[in-house]
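A.B. asks: Below is the structure I would like to discuss, written out as structure tokens.
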Amino acid sequence: MQKVSFELNGEFVELNQLLKLVGLCDSGGAGKQIVASGDVKVDGKQELRKTAKIRAGQQVSVGDVRITVQAA
């Protein structure tokens, strides 16, 4: 499993934007498609809301990639 750390500069980041910012897709629109496919989990639970607010301390999984969100 590939582990990626993301440093959060604000209060939250939208899920589709997070996928773009860590390089899992080329655009926010592509991020929305990944979320809609049902392949994304937030803290171990499937997440279908494309603009779900992801905050520091949460973990996002897509396939074999795990993103850990940390406060700046």
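By order of appearance in the structure tokens: chains A, B, ..., then residues from 1 within every chain, and ligands from 1 in the order shown.
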So which residues touch A:Ala52 within 8 Å, counting only C-alpha atoms, skipping near sequence neighbours fewer than 5 positions away, as a ChimeraX atom specification?
C.D. replies: /A:14-15,47
A.B. asks: Could you turn the residues from that selection into a file that holds C-alpha atoms, as an mmCIF file, in the first residue's frame?
C.D. replies:
data_model
loop_
_atom_site.group_PDB
_atom_site.id
_atom_site.type_symbol
_atom_site.label_atom_id
_atom_site.label_comp_id
_atom_site.auth_asym_id
_atom_site.auth_seq_id
_atom_site.Cartn_x
_atom_site.Cartn_y
_atom_site.Cartn_z
ATOM 1 C CA GLU A 14 -12.977 19.108 -0.640
ATOM 2 C CA LEU A 15 -12.531 15.419 -1.419
ATOM 3 C CA GLU A 47 -17.732 8.185 0.559
#
A.B. asks: Residues near A:Asp39, anyone? I mean within 9 Å using only C-alpha atoms, not counting same-chain ones fewer than 4 positions away, as a PDB file with C-alpha atoms, in the first residue's frame.
C.D. replies:
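And here is the file that came out, around_33.pdb:
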ATOM      1  CA  ILE A  34     -13.341   8.695  -8.977  1.00  0.00           C
ATOM      2  CA  VAL A  35     -15.571   9.514  -5.988  1.00  0.00           C
ATOM      3  CA  GLN A  46     -17.299   4.514   1.459  1.00  0.00           C
ATOM      4  CA  GLU A  47     -17.732   8.185   0.559  1.00  0.00           C
ATOM      5  CA  LEU A  48     -19.904   9.206  -2.404  1.00  0.00           C
ATOM      6  CA  SER A  61      -8.172   5.530   0.712  1.00  0.00           C
ATOM      7  CA  VAL A  62      -8.372   5.037  -3.041  1.00  0.00           C
ATOM      8  CA  GLY A  63      -7.441   1.545  -4.203  1.00  0.00           C
TER       9      GLY A  63
END
A.B. asks: DSSP says strand (DSSP E or B) for which residues of chain A? Put them as an mmCIF file with N, CA and C atoms, in the first residue's frame?
C.D. replies:
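Result file selection_11.cif:
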data_model
loop_
_atom_site.group_PDB
_atom_site.id
_atom_site.type_symbol
_atom_site.label_atom_id
_atom_site.label_comp_id
_atom_site.auth_asym_id
_atom_site.auth_seq_id
_atom_site.Cartn_x
_atom_site.Cartn_y
_atom_site.Cartn_z
ATOM 1 N N GLN A 2 0.555 2.168 -0.880
ATOM 2 C CA GLN A 2 1.288 3.426 -0.973
ATOM 3 C C GLN A 2 0.684 4.421 0.018
ATOM 4 N N LYS A 3 1.537 5.062 0.803
ATOM 5 C CA LYS A 3 1.062 6.044 1.777
ATOM 6 C C LYS A 3 1.500 7.436 1.353
ATOM 7 N N VAL A 4 0.541 8.374 1.399
ATOM 8 C CA VAL A 4 0.795 9.757 0.995
ATOM 9 C C VAL A 4 0.359 10.663 2.140
ATOM 10 N N SER A 5 1.162 11.652 2.473
ATOM 11 C CA SER A 5 0.782 12.642 3.482
ATOM 12 C C SER A 5 0.403 13.934 2.772
ATOM 13 N N PHE A 6 -0.666 14.568 3.256
ATOM 14 C CA PHE A 6 -1.107 15.841 2.688
ATOM 15 C C PHE A 6 -1.194 16.847 3.817
ATOM 16 N N GLU A 7 -0.525 17.991 3.638
ATOM 17 C CA GLU A 7 -0.532 19.037 4.657
ATOM 18 C C GLU A 7 -1.660 20.018 4.362
ATOM 19 N N LEU A 8 -2.596 20.109 5.280
ATOM 20 C CA LEU A 8 -3.779 20.951 5.115
ATOM 21 C C LEU A 8 -3.490 22.348 5.636
ATOM 22 N N VAL A 13 -10.419 20.552 3.059
ATOM 23 C CA VAL A 13 -10.252 20.492 1.610
ATOM 24 C C VAL A 13 -11.358 19.584 1.090
ATOM 25 N N GLU A 14 -11.933 19.947 -0.058
ATOM 26 C CA GLU A 14 -12.977 19.108 -0.640
ATOM 27 C C GLU A 14 -12.339 17.836 -1.180
ATOM 28 N N VAL A 40 -13.692 5.332 -3.282
ATOM 29 C CA VAL A 40 -13.055 6.171 -2.268
ATOM 30 C C VAL A 40 -13.639 5.881 -0.890
ATOM 31 N N LYS A 41 -12.742 5.729 0.089
ATOM 32 C CA LYS A 41 -13.162 5.554 1.482
ATOM 33 C C LYS A 41 -12.548 6.646 2.336
ATOM 34 N N VAL A 42 -13.342 7.174 3.257
ATOM 35 C CA VAL A 42 -12.860 8.163 4.213
ATOM 36 C C VAL A 42 -13.005 7.537 5.594
ATOM 37 N N LYS A 45 -14.872 4.183 5.574
ATOM 38 C CA LYS A 45 -16.250 4.087 5.091
ATOM 39 C C LYS A 45 -16.348 4.681 3.694
ATOM 40 N N GLN A 46 -17.124 4.024 2.830
ATOM 41 C CA GLN A 46 -17.299 4.514 1.459
ATOM 42 C C GLN A 46 -17.866 5.930 1.474
ATOM 43 N N LYS A 53 -16.128 17.470 3.019
ATOM 44 C CA LYS A 53 -15.063 18.250 3.650
ATOM 45 C C LYS A 53 -14.127 17.311 4.403
ATOM 46 N N ILE A 54 -12.883 17.292 3.981
ATOM 47 C CA ILE A 54 -11.870 16.449 4.604
ATOM 48 C C ILE A 54 -11.021 17.339 5.498
ATOM 49 N N GLN A 59 -8.295 9.993 7.170
ATOM 50 C CA GLN A 59 -7.565 9.207 6.186
ATOM 51 C C GLN A 59 -8.483 8.904 5.023
ATOM 52 N N VAL A 60 -7.953 9.058 3.817
ATOM 53 C CA VAL A 60 -8.697 8.791 2.597
ATOM 54 C C VAL A 60 -7.986 7.664 1.862
ATOM 55 N N SER A 61 -8.741 6.649 1.451
ATOM 56 C CA SER A 61 -8.172 5.530 0.712
ATOM 57 C C SER A 61 -8.791 5.448 -0.672
ATOM 58 N N VAL A 62 -7.937 5.249 -1.666
ATOM 59 C CA VAL A 62 -8.372 5.037 -3.041
ATOM 60 C C VAL A 62 -7.553 3.871 -3.572
ATOM 61 N N VAL A 65 -3.883 3.200 -2.342
ATOM 62 C CA VAL A 65 -3.255 4.445 -1.891
ATOM 63 C C VAL A 65 -3.994 4.959 -0.660
ATOM 64 N N ARG A 66 -3.242 5.259 0.392
ATOM 65 C CA ARG A 66 -3.829 5.824 1.604
ATOM 66 C C ARG A 66 -3.263 7.227 1.816
ATOM 67 N N ILE A 67 -4.170 8.212 1.903
ATOM 68 C CA ILE A 67 -3.778 9.609 2.102
ATOM 69 C C ILE A 67 -4.072 9.983 3.537
ATOM 70 N N THR A 68 -3.066 10.447 4.252
ATOM 71 C CA THR A 68 -3.233 10.937 5.613
ATOM 72 C C THR A 68 -3.206 12.456 5.580
ATOM 73 N N VAL A 69 -4.265 13.074 6.106
ATOM 74 C CA VAL A 69 -4.376 14.540 6.092
ATOM 75 C C VAL A 69 -3.894 15.081 7.433
ATOM 76 N N GLN A 70 -2.911 15.981 7.377
ATOM 77 C CA GLN A 70 -2.318 16.532 8.589
ATOM 78 C C GLN A 70 -2.448 18.049 8.595
ATOM 79 N N ALA A 71 -2.571 18.615 9.769
ATOM 80 C CA ALA A 71 -2.629 20.074 9.906
ATOM 81 C C ALA A 71 -1.263 20.664 9.584
#
A.B. asks: As a list in words, which residues of chain A does DSSP assign to alpha helix (DSSP H)?
C.D. replies: Leu15, Asn16, Gln17, Leu18, Leu19, Lys20, Leu21, Gly28, Gly29, Ala30, Gly31, Lys32, Gln33, Ile34, Val35 and Ala36 of chain A
A.B. asks: Nearest residue to A:Ala72 out of A:Ala36, A:Gly44, A:Asn9, A:Ala56, using only C-alpha atoms?
C.D. replies: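 Between A:Ala36, A:Gly44, A:Asn9, A:Ala56, the residue approaching A:Ala72 most closely is A:Asn9.
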A.B. asks: Quick check, in Å to one decimal: how far apart do atom CA of A:Arg55 and atom CA of A:Leu19 lie?
C.D. replies: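 Value for the atom CA of A:Arg55-atom CA of A:Leu19 distance: 13.7 Å.
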